[in-house]
Amino acid sequence: MIYRVRHRTIYDYQDPVSVSHHLLRLTPRMLPGQLCRTARISILPSPATTVTNFDYFGNFQTFFTLQEPHSSLAIEAASELEVYSPGVPDFSASPPWESVVESLVNDHSEEGLDAYQFVFGSQRVSASRELADYARGAFPAGRPLLEATFDLMRKINREFSFDNKATEVTTSVQAFFQKRRGVCQDFAHLQIACLRSLGLPARYISGYIRALPRPGLPRMIGADASHAWCSVWCPAVGWIDFDPTNSCVPTDGHITVAWGRDYSDVSPVHGVLLGGAKHTLDVSVDVAPLQ
């Protein structure tokens, strides 16, 4: 599939901002199944300083500074991509989940070390006995890792409801677990927390999904904003994505922008301001299939 993506963010400040610094993660990654043909970020007012580089996880990021008073800020990221359906492995042929937990400690390969860092708790995702107990229904002894992860994804989708009014960006996994209602960020954080509570490596993915459904299929949840899902690491296979919000394994309808330990590592726009007081925020996302 070929897509044209537009992500527009507009801040209107109650009082003028005198100086602001912003970090953007809005440029899609280059991956074996994803080719970013073009990517452009427009900023108004025009920044005094702009720096682009890669973060620790290999995500493309843009840093800019505004050094003149401004009462609004508009950021637009536009890109055109080719996205291909990855080959989905046989989930039943994946290794028993306990063997993956046991092997990670002594796996000193580059892939193993990279995966091992995603076993531990992070700023927004903490492991707990309660979440391990919740996940164990899908993880009986000896069950193949990917088969169990798929069932956990379906369990979360079945028992939790999408509600964009129920939570905020700062809502904890524990609060979402009790409330049982939230957005894609909450669904992804919960599945990651469950997997890490069992000692498995899981990471958070930020991106977009196809805005229009294919004929005969329901519209995907989260198509009007940035979307989030998760990924689990399987030896000899690599990272496999799961979308608990939509109860599906992502194919060519998902566009990957960034990944990290949780949302705090990949937030699309992060800023530090001097002034501004209160502000209003308007975010719009358009993912248009071209063919």
# chains A, B, ... in the order shown; residues from 1 in each chain; ligands from 1
>>> residues_around(residues="range 144-152 of chain A", least_positions_apart="4", cutoff="6 Å", atoms="only C-alpha atoms", output="VMD selection string")
chain A and resid 91 to 92 94 to 97 138 to 139
>>> write_last_selection(atoms="C-alpha atoms", output="PDB file, in the first residue's frame")
ATOM      1  CA  PHE A  91       2.327 -18.738  16.066  1.00  0.00           C
ATOM      2  CA  SER A  92       1.979 -22.366  17.152  1.00  0.00           C
ATOM      3  CA  SER A  94       7.059 -20.343  18.393  1.00  0.00           C
ATOM      4  CA  PRO A  95       8.980 -21.543  21.489  1.00  0.00           C
ATOM      5  CA  PRO A  96       7.282 -22.075  24.861  1.00  0.00           C
ATOM      6  CA  TRP A  97       6.986 -18.715  26.585  1.00  0.00           C
ATOM      7  CA  ALA A 138      -3.531 -16.978  28.183  1.00  0.00           C
ATOM      8  CA  PHE A 139      -0.115 -18.300  29.255  1.00  0.00           C
TER       9      PHE A 139
END
>>> residues_around(residues="Ile10 in chain A", least_positions_apart="4", cutoff="7 Å", atoms="only C-alpha atoms", output="list in words")
Leu73, Ala74, Ile75, Leu281, Asp282 and Val283 of chain A
>>> closest_residue(among="A:Gly182, A:Pro47, A:Pro289, A:Pro244", to="Phe63 in chain A", atoms="only C-alpha atoms")
A:Pro47
>>> residues_around(residues="Ala166 in chain A", least_positions_apart="5", cutoff="10 Å", atoms="only C-alpha atoms", output="MDAnalysis selection string")
chainID A and resid 161 171 176 179:183
>>> closest_residue(among="A:Gly276, A:Pro16, A:Gly112, A:Gly238", to="His70 in chain A", atoms="only C-alpha atoms")
A:Pro16
>>> closest_residue(among="A:Phe118, A:Thr62, A:Val272, A:Gly216", to="Ser42 in chain A", atoms="only C-alpha atoms")
A:Thr62
>>> atom_distance(atom1="CA of Arg158 in chain A", atom2="CA of Val232 in chain A")
19.9 Å
